[in-house]
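> File follows, coords-v1.cif with mmCIF, C-alpha atoms; chains and numbers go by the auth columns:
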```
data_upload
#
loop_
_atom_site.group_PDB
_atom_site.id
_atom_site.type_symbol
_atom_site.label_atom_id
_atom_site.label_comp_id
_atom_site.label_asym_id
_atom_site.label_seq_id
_atom_site.Cartn_x
_atom_site.Cartn_y
_atom_site.Cartn_z
_atom_site.B_iso_or_equiv
_atom_site.auth_seq_id
_atom_site.auth_asym_id
ATOM 1 C CA PRO A 1 10.226 3.979 9.761 0.00 1 A
ATOM 2 C CA TRP A 2 7.590 1.882 7.951 0.00 2 A
ATOM 3 C CA ALA A 3 5.444 1.647 11.094 0.00 3 A
ATOM 4 C CA ALA A 4 5.794 5.362 11.757 0.00 4 A
ATOM 5 C CA ALA A 5 4.820 6.216 8.177 0.00 5 A
ATOM 6 C CA GLU A 6 1.588 4.247 8.555 0.00 6 A
ATOM 7 C CA LEU A 7 0.726 5.415 12.060 0.00 7 A
ATOM 8 C CA LYS A 8 1.386 9.072 11.277 0.00 8 A
ATOM 9 C CA SER A 9 -0.461 9.103 7.966 0.00 9 A
ATOM 10 C CA GLN A 10 -3.323 11.562 8.218 0.00 10 A
ATOM 11 C CA HIS A 11 -5.095 10.335 5.096 0.00 11 A
ATOM 12 C CA LYS A 12 -6.568 7.140 6.522 0.00 12 A
ATOM 13 C CA HIS A 13 -9.398 7.189 3.985 0.00 13 A
ATOM 14 C CA LEU A 14 -6.821 6.366 1.311 0.00 14 A
ATOM 15 C CA GLY A 15 -5.883 3.173 3.154 0.00 15 A
ATOM 16 C CA TRP A 16 -2.613 1.722 4.387 0.00 16 A
ATOM 17 C CA ARG A 17 0.474 3.761 3.483 0.00 17 A
ATOM 18 C CA LEU A 18 3.195 1.484 2.148 0.00 18 A
ATOM 19 C CA TRP A 19 6.734 2.556 2.999 0.00 19 A
ATOM 20 C CA ASP A 20 8.082 0.243 0.291 0.00 20 A
ATOM 21 C CA PRO A 21 5.789 0.683 -2.748 0.00 21 A
ATOM 22 C CA GLU A 22 8.058 -0.881 -5.356 0.00 22 A
ATOM 23 C CA PRO A 23 6.948 -4.008 -7.285 0.00 23 A
ATOM 24 C CA ASP A 24 8.613 -7.383 -7.133 0.00 24 A
ATOM 25 C CA PRO A 25 11.595 -7.464 -9.543 0.00 25 A
ATOM 26 C CA ASP A 26 10.108 -10.634 -11.080 0.00 26 A
ATOM 27 C CA SER A 27 6.889 -8.752 -11.931 0.00 27 A
ATOM 28 C CA PRO A 28 7.883 -5.118 -12.536 0.00 28 A
ATOM 29 C CA THR A 29 4.612 -4.064 -14.173 0.00 29 A
ATOM 30 C CA GLU A 30 2.326 -5.291 -11.365 0.00 30 A
ATOM 31 C CA CYS A 31 2.836 -4.368 -7.732 0.00 31 A
ATOM 32 C CA VAL A 32 -0.573 -5.103 -6.161 0.00 32 A
ATOM 33 C CA ALA A 33 -3.824 -6.357 -7.692 0.00 33 A
ATOM 34 C CA ILE A 34 -7.439 -6.239 -6.543 0.00 34 A
ATOM 35 C CA GLY A 35 -8.228 -9.577 -4.912 0.00 35 A
ATOM 36 C CA ASP A 36 -4.727 -10.097 -3.516 0.00 36 A
ATOM 37 C CA VAL A 37 -4.492 -11.870 -0.165 0.00 37 A
ATOM 38 C CA GLY A 38 -1.309 -11.096 1.762 0.00 38 A
ATOM 39 C CA TYR A 39 0.251 -9.240 4.662 0.00 39 A
ATOM 40 C CA ILE A 40 2.488 -6.285 5.467 0.00 40 A
ATOM 41 C CA SER A 41 6.181 -6.951 6.162 0.00 41 A
ATOM 42 C CA ASN A 42 8.567 -4.064 6.857 0.00 42 A
ATOM 43 C CA GLY A 43 6.298 -1.617 5.078 0.00 43 A
ATOM 44 C CA ARG A 44 5.884 -3.819 2.004 0.00 44 A
ATOM 45 C CA PHE A 45 2.819 -5.761 0.870 0.00 45 A
ATOM 46 C CA VAL A 46 3.600 -9.464 0.387 0.00 46 A
ATOM 47 C CA ARG A 47 1.146 -11.361 -1.832 0.00 47 A
ATOM 48 C CA LEU A 48 0.200 -14.944 -0.950 0.00 48 A
ATOM 49 C CA PHE A 49 -2.377 -15.540 -3.705 0.00 49 A
ATOM 50 C CA ASN A 50 -5.270 -13.798 -5.476 0.00 50 A
ATOM 51 C CA ILE A 51 -8.914 -14.812 -4.952 0.00 51 A
ATOM 52 C CA ARG A 52 -9.934 -13.693 -8.469 0.00 52 A
ATOM 53 C CA ARG A 53 -7.506 -16.090 -10.171 0.00 53 A
ATOM 54 C CA ARG A 54 -7.810 -19.799 -10.861 0.00 54 A
ATOM 55 C CA ARG A 55 -5.908 -22.374 -8.860 0.00 55 A
ATOM 56 C CA ASP A 56 -3.588 -23.016 -11.833 0.00 56 A
ATOM 57 C CA ASP A 57 -2.911 -19.341 -12.539 0.00 57 A
ATOM 58 C CA PRO A 58 0.831 -18.724 -13.161 0.00 58 A
ATOM 59 C CA SER A 59 0.939 -16.313 -10.203 0.00 59 A
ATOM 60 C CA HIS A 60 0.042 -19.225 -7.883 0.00 60 A
ATOM 61 C CA GLN A 61 2.829 -21.528 -9.018 0.00 61 A
ATOM 62 C CA GLN A 62 5.396 -20.345 -6.485 0.00 62 A
ATOM 63 C CA HIS A 63 3.395 -20.612 -3.244 0.00 63 A
ATOM 64 C CA GLY A 64 0.257 -22.513 -4.215 0.00 64 A
ATOM 65 C CA VAL A 65 -3.215 -21.824 -2.803 0.00 65 A
ATOM 66 C CA PRO A 66 -5.067 -22.909 0.355 0.00 66 A
ATOM 67 C CA GLU A 67 -6.596 -26.372 0.599 0.00 67 A
ATOM 68 C CA GLY A 68 -10.102 -26.403 -0.864 0.00 68 A
ATOM 69 C CA TYR A 69 -9.452 -23.094 -2.626 0.00 69 A
ATOM 70 C CA ARG A 70 -12.100 -21.757 -4.987 0.00 70 A
ATOM 71 C CA PRO A 71 -11.794 -18.321 -6.579 0.00 71 A
ATOM 72 C CA ILE A 72 -14.558 -15.841 -5.899 0.00 72 A
ATOM 73 C CA PRO A 73 -17.278 -16.122 -8.572 0.00 73 A
ATOM 74 C CA PRO A 74 -16.882 -13.518 -11.319 0.00 74 A
ATOM 75 C CA SER A 75 -19.490 -10.799 -11.713 0.00 75 A
ATOM 76 C CA PRO A 76 -21.279 -10.141 -15.031 0.00 76 A
ATOM 77 C CA PHE A 77 -21.158 -6.420 -14.279 0.00 77 A
ATOM 78 C CA ASN A 78 -18.389 -3.836 -14.355 0.00 78 A
ATOM 79 C CA ILE A 79 -17.326 -4.035 -10.731 0.00 79 A
ATOM 80 C CA PHE A 80 -14.255 -1.788 -10.888 0.00 80 A
ATOM 81 C CA GLN A 81 -13.798 1.935 -10.732 0.00 81 A
ATOM 82 C CA LYS A 82 -10.812 4.114 -11.547 0.00 82 A
ATOM 83 C CA SER A 83 -10.100 7.629 -10.312 0.00 83 A
ATOM 84 C CA ARG A 84 -7.271 10.111 -9.911 0.00 84 A
ATOM 85 C CA LEU A 85 -5.368 11.171 -6.802 0.00 85 A
ATOM 86 C CA ASN A 86 -4.068 14.693 -7.267 0.00 86 A
ATOM 87 C CA ARG A 87 -0.380 15.487 -7.105 0.00 87 A
ATOM 88 C CA GLY A 88 0.900 17.369 -4.063 0.00 88 A
ATOM 89 C CA ASP A 89 1.728 16.798 -0.400 0.00 89 A
ATOM 90 C CA TYR A 90 0.062 14.253 1.882 0.00 90 A
ATOM 91 C CA CYS A 91 1.325 15.034 5.380 0.00 91 A
ATOM 92 C CA SER A 92 0.556 14.451 9.038 0.00 92 A
ATOM 93 C CA ARG A 93 -1.162 17.279 10.912 0.00 93 A
ATOM 94 C CA SER A 94 2.075 17.990 12.775 0.00 94 A
ATOM 95 C CA VAL A 95 3.979 18.740 9.540 0.00 95 A
ATOM 96 C CA ARG A 96 4.046 22.252 8.087 0.00 96 A
ATOM 97 C CA THR A 97 4.995 22.880 4.462 0.00 97 A
ATOM 98 C CA ALA A 98 6.409 25.858 2.580 0.00 98 A
ATOM 99 C CA ASN A 99 7.782 26.569 -0.872 0.00 99 A
ATOM 100 C CA ALA A 100 11.524 26.497 -1.477 0.00 100 A
ATOM 101 C CA PRO A 101 13.695 27.031 -4.574 0.00 101 A
ATOM 102 C CA ASN A 102 12.970 24.092 -6.892 0.00 102 A
ATOM 103 C CA GLY A 103 11.118 22.208 -4.184 0.00 103 A
ATOM 104 C CA ARG A 104 9.431 22.199 -0.781 0.00 104 A
ATOM 105 C CA VAL A 105 10.383 22.498 2.899 0.00 105 A
ATOM 106 C CA TYR A 106 8.765 20.283 5.533 0.00 106 A
ATOM 107 C CA GLN A 107 9.026 20.983 9.237 0.00 107 A
ATOM 108 C CA SER A 108 7.645 19.010 12.181 0.00 108 A
ATOM 109 C CA LYS A 109 6.803 21.244 15.137 0.00 109 A
ATOM 110 C CA GLY A 110 4.527 21.537 18.119 0.00 110 A
ATOM 111 C CA ARG A 111 3.512 19.104 20.827 0.00 111 A
ATOM 112 C CA GLU A 112 3.663 16.081 18.497 0.00 112 A
ATOM 113 C CA LYS A 113 6.951 16.402 16.648 0.00 113 A
ATOM 114 C CA THR A 114 6.836 13.052 14.885 0.00 114 A
ATOM 115 C CA GLY A 115 5.114 12.901 11.519 0.00 115 A
ATOM 116 C CA ALA A 116 5.080 11.586 7.975 0.00 116 A
ATOM 117 C CA VAL A 117 5.316 13.126 4.489 0.00 117 A
ATOM 118 C CA LEU A 118 4.349 11.768 1.083 0.00 118 A
ATOM 119 C CA HIS A 119 5.028 13.975 -1.948 0.00 119 A
ATOM 120 C CA LEU A 120 3.590 13.180 -5.384 0.00 120 A
ATOM 121 C CA PRO A 121 5.166 15.224 -8.195 0.00 121 A
ATOM 122 C CA ASP A 122 2.518 13.826 -10.575 0.00 122 A
ATOM 123 C CA HIS A 123 -0.984 12.499 -10.051 0.00 123 A
ATOM 124 C CA ALA A 124 -1.564 8.892 -8.995 0.00 124 A
ATOM 125 C CA ILE A 125 -4.286 6.429 -10.050 0.00 125 A
ATOM 126 C CA ASN A 126 -6.826 4.739 -7.740 0.00 126 A
ATOM 127 C CA HIS A 127 -8.199 1.289 -8.627 0.00 127 A
ATOM 128 C CA ASP A 128 -11.138 -0.027 -6.566 0.00 128 A
ATOM 129 C CA TYR A 129 -14.062 -2.397 -6.409 0.00 129 A
ATOM 130 C CA HIS A 130 -17.408 -0.673 -6.636 0.00 130 A
ATOM 131 C CA GLY A 131 -18.846 -0.285 -3.158 0.00 131 A
ATOM 132 C CA ALA A 132 -21.791 -2.626 -3.799 0.00 132 A
ATOM 133 C CA TYR A 133 -19.414 -5.516 -4.521 0.00 133 A
ATOM 134 C CA VAL A 134 -17.293 -5.060 -1.397 0.00 134 A
ATOM 135 C CA LYS A 135 -19.899 -6.812 0.810 0.00 135 A
ATOM 136 C CA GLN A 136 -19.480 -9.976 -1.265 0.00 136 A
ATOM 137 C CA ILE A 137 -15.701 -9.735 -0.796 0.00 137 A
ATOM 138 C CA LYS A 138 -16.080 -9.468 2.982 0.00 138 A
ATOM 139 C CA LYS A 139 -18.406 -12.489 3.072 0.00 139 A
ATOM 140 C CA TYR A 140 -15.865 -14.488 1.065 0.00 140 A
ATOM 141 C CA LEU A 141 -13.154 -13.557 3.571 0.00 141 A
ATOM 142 C CA GLU A 142 -15.336 -14.473 6.547 0.00 142 A
ATOM 143 C CA ASP A 143 -15.989 -17.912 5.026 0.00 143 A
ATOM 144 C CA ASN A 144 -12.330 -18.602 4.266 0.00 144 A
ATOM 145 C CA VAL A 145 -10.230 -16.674 6.795 0.00 145 A
ATOM 146 C CA GLN A 146 -9.275 -19.722 8.880 0.00 146 A
ATOM 147 C CA ARG A 147 -7.902 -21.657 5.907 0.00 147 A
ATOM 148 C CA PHE A 148 -6.035 -18.515 4.792 0.00 148 A
ATOM 149 C CA PHE A 149 -4.231 -18.348 8.148 0.00 149 A
ATOM 150 C CA GLU A 150 -3.554 -22.093 8.038 0.00 150 A
ATOM 151 C CA PHE A 151 -2.087 -21.673 4.562 0.00 151 A
ATOM 152 C CA ALA A 152 0.329 -18.993 5.836 0.00 152 A
ATOM 153 C CA ARG A 153 1.142 -20.982 9.000 0.00 153 A
ATOM 154 C CA ASP A 154 2.019 -24.096 6.978 0.00 154 A
ATOM 155 C CA ARG A 155 4.502 -21.954 5.044 0.00 155 A
ATOM 156 C CA ARG A 156 5.995 -20.120 8.007 0.00 156 A
ATOM 157 C CA GLU A 157 9.514 -20.561 6.630 0.00 157 A
ATOM 158 C CA GLN A 158 8.491 -18.496 3.597 0.00 158 A
ATOM 159 C CA PHE A 159 6.160 -16.150 5.525 0.00 159 A
ATOM 160 C CA PRO A 160 7.569 -15.968 9.076 0.00 160 A
ATOM 161 C CA ASP A 161 5.849 -12.813 10.319 0.00 161 A
ATOM 162 C CA VAL A 162 2.183 -13.209 9.332 0.00 162 A
ATOM 163 C CA LYS A 163 0.095 -11.844 12.207 0.00 163 A
ATOM 164 C CA GLU A 164 -2.792 -10.572 10.110 0.00 164 A
ATOM 165 C CA ILE A 165 -4.245 -11.273 6.697 0.00 165 A
ATOM 166 C CA ILE A 166 -5.135 -8.486 4.261 0.00 166 A
ATOM 167 C CA LEU A 167 -7.530 -8.809 1.332 0.00 167 A
ATOM 168 C CA VAL A 168 -7.073 -5.975 -1.155 0.00 168 A
ATOM 169 C CA THR A 169 -10.195 -4.279 -2.558 0.00 169 A
ATOM 170 C CA GLY A 170 -8.413 -1.170 -3.836 0.00 170 A
ATOM 171 C CA TYR A 171 -5.016 0.433 -4.279 0.00 171 A
ATOM 172 C CA THR A 172 -3.290 3.601 -5.456 0.00 172 A
ATOM 173 C CA VAL A 173 -0.321 3.556 -7.826 0.00 173 A
ATOM 174 C CA ALA A 174 2.093 6.307 -8.839 0.00 174 A
ATOM 175 C CA THR A 175 4.957 6.755 -11.274 0.00 175 A
ATOM 176 C CA SER A 176 7.141 8.686 -8.809 0.00 176 A
ATOM 177 C CA TRP A 177 7.052 9.700 -5.163 0.00 177 A
ATOM 178 C CA ALA A 178 9.121 10.862 -2.215 0.00 178 A
ATOM 179 C CA ALA A 179 8.417 9.882 1.396 0.00 179 A
ATOM 180 C CA ALA A 180 9.868 10.734 4.787 0.00 180 A
ATOM 181 C CA VAL A 181 9.093 10.344 8.474 0.00 181 A
ATOM 182 C CA PHE A 182 10.125 12.401 11.495 0.00 182 A
ATOM 183 C CA LEU A 183 11.068 9.995 14.270 0.00 183 A
ATOM 184 C CA ASP A 184 12.395 12.096 17.158 0.00 184 A
ATOM 185 C CA LYS A 185 9.774 13.499 19.565 0.00 185 A
ATOM 186 C CA LYS A 186 12.292 15.741 21.342 0.00 186 A
ATOM 187 C CA ILE A 187 13.369 18.068 18.552 0.00 187 A
ATOM 188 C CA ASP A 188 11.842 20.258 15.876 0.00 188 A
ATOM 189 C CA ALA A 189 12.860 18.513 12.650 0.00 189 A
ATOM 190 C CA ARG A 190 13.220 20.000 9.191 0.00 190 A
ATOM 191 C CA LEU A 191 13.932 18.641 5.729 0.00 191 A
ATOM 192 C CA GLU A 192 14.019 20.094 2.240 0.00 192 A
ATOM 193 C CA PHE A 193 12.934 18.448 -0.972 0.00 193 A
ATOM 194 C CA GLN A 194 14.268 19.447 -4.403 0.00 194 A
ATOM 195 C CA SER A 195 13.311 18.316 -7.874 0.00 195 A
ATOM 196 C CA VAL A 196 16.390 18.384 -10.091 0.00 196 A
ATOM 197 C CA PRO A 197 15.543 18.287 -13.816 0.00 197 A
ATOM 198 C CA ASN A 198 17.913 16.428 -16.088 0.00 198 A
ATOM 199 C CA ASP A 199 17.766 13.635 -18.667 0.00 199 A
ATOM 200 C CA LYS A 200 16.112 11.458 -16.016 0.00 200 A
ATOM 201 C CA MET A 201 14.144 13.435 -13.468 0.00 201 A
ATOM 202 C CA ASN A 202 15.827 13.290 -10.076 0.00 202 A
ATOM 203 C CA MET A 203 14.428 14.106 -6.639 0.00 203 A
ATOM 204 C CA GLN A 204 16.605 14.689 -3.608 0.00 204 A
ATOM 205 C CA TRP A 205 15.964 15.141 0.099 0.00 205 A
ATOM 206 C CA HIS A 206 18.188 17.290 2.290 0.00 206 A
ATOM 207 C CA VAL A 207 17.608 15.497 5.556 0.00 207 A
ATOM 208 C CA GLU A 208 18.615 16.383 9.093 0.00 208 A
ATOM 209 C CA ASP A 209 19.302 13.773 11.778 0.00 209 A
ATOM 210 C CA HIS A 210 16.439 11.721 13.261 0.00 210 A
ATOM 211 C CA ASN A 211 14.567 11.489 9.951 0.00 211 A
ATOM 212 C CA ARG A 212 14.158 8.652 7.455 0.00 212 A
ATOM 213 C CA GLU A 213 13.479 9.168 3.773 0.00 213 A
ATOM 214 C CA ARG A 214 12.970 7.266 0.522 0.00 214 A
ATOM 215 C CA VAL A 215 12.651 8.466 -3.083 0.00 215 A
ATOM 216 C CA TRP A 216 11.524 6.831 -6.295 0.00 216 A
ATOM 217 C CA CYS A 217 11.625 8.592 -9.663 0.00 217 A
ATOM 218 C CA ASP A 218 10.114 7.355 -12.895 0.00 218 A
ATOM 219 C CA THR A 219 12.994 6.935 -15.324 0.00 219 A
ATOM 220 C CA SER A 220 10.905 5.857 -18.315 0.00 220 A
ATOM 221 C CA ASN A 221 10.853 8.010 -21.417 0.00 221 A
ATOM 222 C CA PRO A 222 7.325 9.427 -21.850 0.00 222 A
ATOM 223 C CA THR A 223 7.877 9.715 -25.613 0.00 223 A
ATOM 224 C CA GLN A 224 8.090 5.909 -25.811 0.00 224 A
ATOM 225 C CA GLY A 225 4.644 5.205 -24.337 0.00 225 A
ATOM 226 C CA ASP A 226 2.430 5.825 -21.352 0.00 226 A
ATOM 227 C CA PRO A 227 4.025 6.318 -17.907 0.00 227 A
ATOM 228 C CA LEU A 228 4.371 3.130 -15.862 0.00 228 A
ATOM 229 C CA TYR A 229 2.126 3.289 -12.784 0.00 229 A
ATOM 230 C CA ASN A 230 3.680 0.465 -10.799 0.00 230 A
ATOM 231 C CA GLN A 231 4.518 2.067 -7.429 0.00 231 A
ATOM 232 C CA CYS A 232 1.794 1.109 -4.940 0.00 232 A
ATOM 233 C CA ILE A 233 1.611 3.866 -2.318 0.00 233 A
ATOM 234 C CA TYR A 234 -1.730 2.901 -0.693 0.00 234 A
ATOM 235 C CA ILE A 235 -3.790 -0.264 -0.345 0.00 235 A
ATOM 236 C CA ARG A 236 -7.428 -0.554 0.806 0.00 236 A
ATOM 237 C CA GLY A 237 -9.433 -3.573 1.866 0.00 237 A
ATOM 238 C CA PHE A 238 -10.079 -5.852 4.834 0.00 238 A
ATOM 239 C CA GLN A 239 -7.743 -6.802 7.664 0.00 239 A
ATOM 240 C CA ALA A 240 -8.294 -10.073 9.542 0.00 240 A
ATOM 241 C CA ARG A 241 -6.596 -11.095 12.765 0.00 241 A
ATOM 242 C CA HIS A 242 -7.087 -13.541 15.628 0.00 242 A
ATOM 243 C CA LYS A 243 -9.203 -12.193 18.477 0.00 243 A
ATOM 244 C CA HIS A 244 -7.136 -14.309 20.866 0.00 244 A
ATOM 245 C CA ALA A 245 -3.882 -16.144 20.260 0.00 245 A
ATOM 246 C CA LYS A 246 -5.252 -19.561 21.279 0.00 246 A
ATOM 247 C CA ASP A 247 -8.577 -19.728 19.431 0.00 247 A
ATOM 248 C CA ASN A 248 -9.875 -19.654 15.874 0.00 248 A
ATOM 249 C CA LYS A 249 -12.116 -16.637 16.223 0.00 249 A
ATOM 250 C CA PHE A 250 -11.266 -13.693 14.036 0.00 250 A
ATOM 251 C CA GLU A 251 -12.057 -10.025 13.760 0.00 251 A
ATOM 252 C CA ILE A 252 -12.317 -8.479 10.310 0.00 252 A
ATOM 253 C CA ASN A 253 -12.158 -4.722 9.793 0.00 253 A
ATOM 254 C CA ALA A 254 -12.242 -2.544 6.697 0.00 254 A
ATOM 255 C CA PHE A 255 -9.546 0.075 6.159 0.00 255 A
ATOM 256 C CA GLY A 256 -9.645 2.838 3.587 0.00 256 A
ATOM 257 C CA ALA A 257 -12.543 3.621 1.273 0.00 257 A
ATOM 258 C CA PRO A 258 -12.859 4.000 -2.509 0.00 258 A
ATOM 259 C CA PRO A 259 -11.958 7.639 -3.295 0.00 259 A
ATOM 260 C CA ALA A 260 -14.537 9.835 -4.971 0.00 260 A
ATOM 261 C CA ARG A 261 -14.494 9.433 -8.742 0.00 261 A
ATOM 262 C CA ARG A 262 -12.557 12.151 -10.537 0.00 262 A
ATOM 263 C CA SER A 263 -12.347 12.862 -14.226 0.00 263 A
#
```
Do you think you could lay out the structure here as structure tokens?


Amino acid sequence: PWAAAELKSQHKHLGWRLWDPEPDPDSPTECVAIGDVGYISNGRFVRLFNIRRRRDDPSHQQHGVPEGYRPIPPSPFNIFQKSRLNRGDYCSRSVRTANAPNGRVYQSKGREKTGAVLHLPDHAINHDYHGAYVKQIKKYLEDNVQRFFEFARDRREQFPDVKEIILVTGYTVATSWAAAVFLDKKIDARLEFQSVPNDKMNMQWHVEDHNRERVWCDTSNPTQGDPLYNQCIYIRGFQARHKHAKDNKFEINAFGAPPARRS
């Protein structure tokens, strides 16, 4: 389902849809950070290290850093931007939506019956490098991509399925979300989503066969502080991979773009 969720995502400008947005239990307040180098495994972003942090940063203690590692030089300017992603439905073109009591109905019809759904009951937050700084990030990746792959290869027992390296230049985080994919091309599929208010907000899918779904609800008490935006639903940046399996030539492509600034 994680591959289908990414392939069927219509909103490519927002980046790579993560099927598993939840943070590491050892670091519940931080899921992804700008400057992370990692890869996608089963719909989850796996961090190797972060190019904005020193070699001896606590986050590097577990896996280390590549040989000859130097963090990217800091900028004297404000190089980050923050914007809002509106609440609502983010669906494939093949998915039709309609209102239902206490929720929404999603139906996949037509020639292409597979599809993906992301529902945000509240707005999400985008964090990105300013566009002018992204060129410097790409140059850094071009200069270091081979040692990044060697670093992952030397730790293949820890990172067995690294086929491409991702450098994060932006991400989107939410407090709560619901996601589903339609997997069967032969049938018209339908599912219903309901928001059930109680002491801790609950969201439930009513799912027919041939679908996959996941739900996360923020269970923090808003009266005790700000909501915790730690569910990373999109990442943006650069993707590097070998051009051919037997050489050390690489292709590097950007995916996603910084969303327009919103108040």

> Nearest to Lys82 of chain A: which of A:Phe193, A:Phe159, A:Tyr129, A:Trp16 is it, counting all atoms listed in the file?

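Closest residue, counting all atoms listed in the file: A:Tyr129.
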
> I need the output of the PyMOL selection byres ((chain A and resi 50-53) around 6) for this file as a PyMOL selection string; which residues are they?

chain A and resi 35-37+49+54+71-72

> With distances taken over only C-alpha atoms, which of A:Phe80, A:Gly68, A:Tyr106, A:Asn99 is nearest to Ala132 of chain A?

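Using only C-alpha atoms, the shortest distance to Ala132 of chain A belongs to A:Phe80.
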
> Using all atoms listed in the file, which of the listed residues (A:Asp122, A:Asp20, A:Asp128, A:Asp247) sits closest to Thr175 of chain A?

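Result for the nearest residue to Thr175 of chain A: A:Asp122.
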
> Taking into account only C-alpha atoms, which residue in the set A:Leu191, A:Ala174, A:Ile165, A:Leu85 is nearest to Leu14 of chain A?

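Distance minimum relative to Leu14 of chain A lands on A:Leu85.
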
> Looking at A:Val145, A:Val46, A:Val95, A:Val117, which one is nearest to Glu22 of chain A, with distances taken over only C-alpha atoms?

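Using only C-alpha atoms, Glu22 of chain A sits closest to A:Val46.
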
> What separation in Å, quoted to one decimal, exists between atom CA of Ile235 of chain A and atom CA of Asp154 of chain A?

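Answer for the atom CA of Ile235 of chain A to atom CA of Asp154 of chain A separation: 25.6 Å.
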
> For the file shown, report as a short mmCIF file (atom, residue, chain, number, x, y, z; two decimals) with C-alpha atoms, in the coordinates of the input the outcome of the PyMOL selection byres ((chain A and resi 178) around 6) at residue level.


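Writing the result to out03.cif gives the following:
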```
data_model
loop_
_atom_site.label_atom_id
_atom_site.label_comp_id
_atom_site.auth_asym_id
_atom_site.auth_seq_id
_atom_site.Cartn_x
_atom_site.Cartn_y
_atom_site.Cartn_z
CA LEU A 118 4.35 11.77 1.08
CA HIS A 119 5.03 13.98 -1.95
CA TRP A 177 7.05 9.70 -5.16
CA ALA A 179 8.42 9.88 1.40
CA ARG A 214 12.97 7.27 0.52
CA VAL A 215 12.65 8.47 -3.08
#
```

> I need the residue nearest Arg84 of chain A from this list: A:Cys31, A:Val173, A:Leu18, A:Val134. Use all atoms listed in the file for the distance.

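Comparing A:Cys31, A:Val173, A:Leu18, A:Val134 against Arg84 of chain A, the winner is A:Val173.
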
> What is the atom CA of Asn253 of chain A-atom CA of Gln239 of chain A distance in Å, reported with one decimal?

5.3 Å

> Could segment 32-48 of chain A be completed with N, CA and C atoms and returned as a PDB file, in the coordinates of the input?


```
ATOM      1  N   VAL A  32       0.549  -4.577  -6.936  1.00  0.00           N
ATOM      2  CA  VAL A  32      -0.573  -5.103  -6.161  1.00  0.00           C
ATOM      3  C   VAL A  32      -1.752  -5.215  -7.106  1.00  0.00           C
ATOM      4  N   ALA A  33      -2.633  -6.192  -6.864  1.00  0.00           N
ATOM      5  CA  ALA A  33      -3.824  -6.357  -7.692  1.00  0.00           C
ATOM      6  C   ALA A  33      -5.048  -6.507  -6.793  1.00  0.00           C
ATOM      7  N   ILE A  34      -6.194  -6.040  -7.275  1.00  0.00           N
ATOM      8  CA  ILE A  34      -7.439  -6.239  -6.543  1.00  0.00           C
ATOM      9  C   ILE A  34      -7.697  -7.738  -6.404  1.00  0.00           C
ATOM     10  N   GLY A  35      -8.033  -8.164  -5.202  1.00  0.00           N
ATOM     11  CA  GLY A  35      -8.228  -9.577  -4.912  1.00  0.00           C
ATOM     12  C   GLY A  35      -7.022 -10.242  -4.285  1.00  0.00           C
ATOM     13  N   ASP A  36      -5.908  -9.528  -4.161  1.00  0.00           N
ATOM     14  CA  ASP A  36      -4.727 -10.097  -3.516  1.00  0.00           C
ATOM     15  C   ASP A  36      -5.004 -10.402  -2.046  1.00  0.00           C
ATOM     16  N   VAL A  37      -4.515 -11.533  -1.583  1.00  0.00           N
ATOM     17  CA  VAL A  37      -4.492 -11.870  -0.165  1.00  0.00           C
ATOM     18  C   VAL A  37      -3.028 -11.888   0.252  1.00  0.00           C
ATOM     19  N   GLY A  38      -2.700 -11.171   1.320  1.00  0.00           N
ATOM     20  CA  GLY A  38      -1.309 -11.096   1.762  1.00  0.00           C
ATOM     21  C   GLY A  38      -1.186 -10.456   3.112  1.00  0.00           C
ATOM     22  N   TYR A  39      -0.021  -9.875   3.377  1.00  0.00           N
ATOM     23  CA  TYR A  39       0.251  -9.240   4.662  1.00  0.00           C
ATOM     24  C   TYR A  39       1.308  -8.166   4.469  1.00  0.00           C
ATOM     25  N   ILE A  40       1.494  -7.344   5.498  1.00  0.00           N
ATOM     26  CA  ILE A  40       2.488  -6.285   5.467  1.00  0.00           C
ATOM     27  C   ILE A  40       3.741  -6.750   6.195  1.00  0.00           C
ATOM     28  N   SER A  41       4.899  -6.608   5.545  1.00  0.00           N
ATOM     29  CA  SER A  41       6.181  -6.951   6.162  1.00  0.00           C
ATOM     30  C   SER A  41       7.171  -5.823   5.905  1.00  0.00           C
ATOM     31  N   ASN A  42       7.606  -5.167   6.971  1.00  0.00           N
ATOM     32  CA  ASN A  42       8.567  -4.064   6.857  1.00  0.00           C
ATOM     33  C   ASN A  42       8.109  -2.989   5.868  1.00  0.00           C
ATOM     34  N   GLY A  43       6.823  -2.674   5.922  1.00  0.00           N
ATOM     35  CA  GLY A  43       6.298  -1.617   5.078  1.00  0.00           C
ATOM     36  C   GLY A  43       6.022  -2.013   3.650  1.00  0.00           C
ATOM     37  N   ARG A  44       6.090  -3.309   3.361  1.00  0.00           N
ATOM     38  CA  ARG A  44       5.884  -3.819   2.004  1.00  0.00           C
ATOM     39  C   ARG A  44       4.734  -4.817   2.005  1.00  0.00           C
ATOM     40  N   PHE A  45       3.885  -4.771   0.984  1.00  0.00           N
ATOM     41  CA  PHE A  45       2.819  -5.761   0.870  1.00  0.00           C
ATOM     42  C   PHE A  45       3.373  -7.017   0.227  1.00  0.00           C
ATOM     43  N   VAL A  46       3.146  -8.168   0.882  1.00  0.00           N
ATOM     44  CA  VAL A  46       3.600  -9.464   0.387  1.00  0.00           C
ATOM     45  C   VAL A  46       2.372 -10.266  -0.046  1.00  0.00           C
ATOM     46  N   ARG A  47       2.293 -10.603  -1.308  1.00  0.00           N
ATOM     47  CA  ARG A  47       1.146 -11.361  -1.832  1.00  0.00           C
ATOM     48  C   ARG A  47       1.317 -12.853  -1.557  1.00  0.00           C
ATOM     49  N   LEU A  48       0.236 -13.493  -1.086  1.00  0.00           N
ATOM     50  CA  LEU A  48       0.200 -14.944  -0.950  1.00  0.00           C
ATOM     51  C   LEU A  48      -0.467 -15.574  -2.170  1.00  0.00           C
TER      52      LEU A  48
END
```
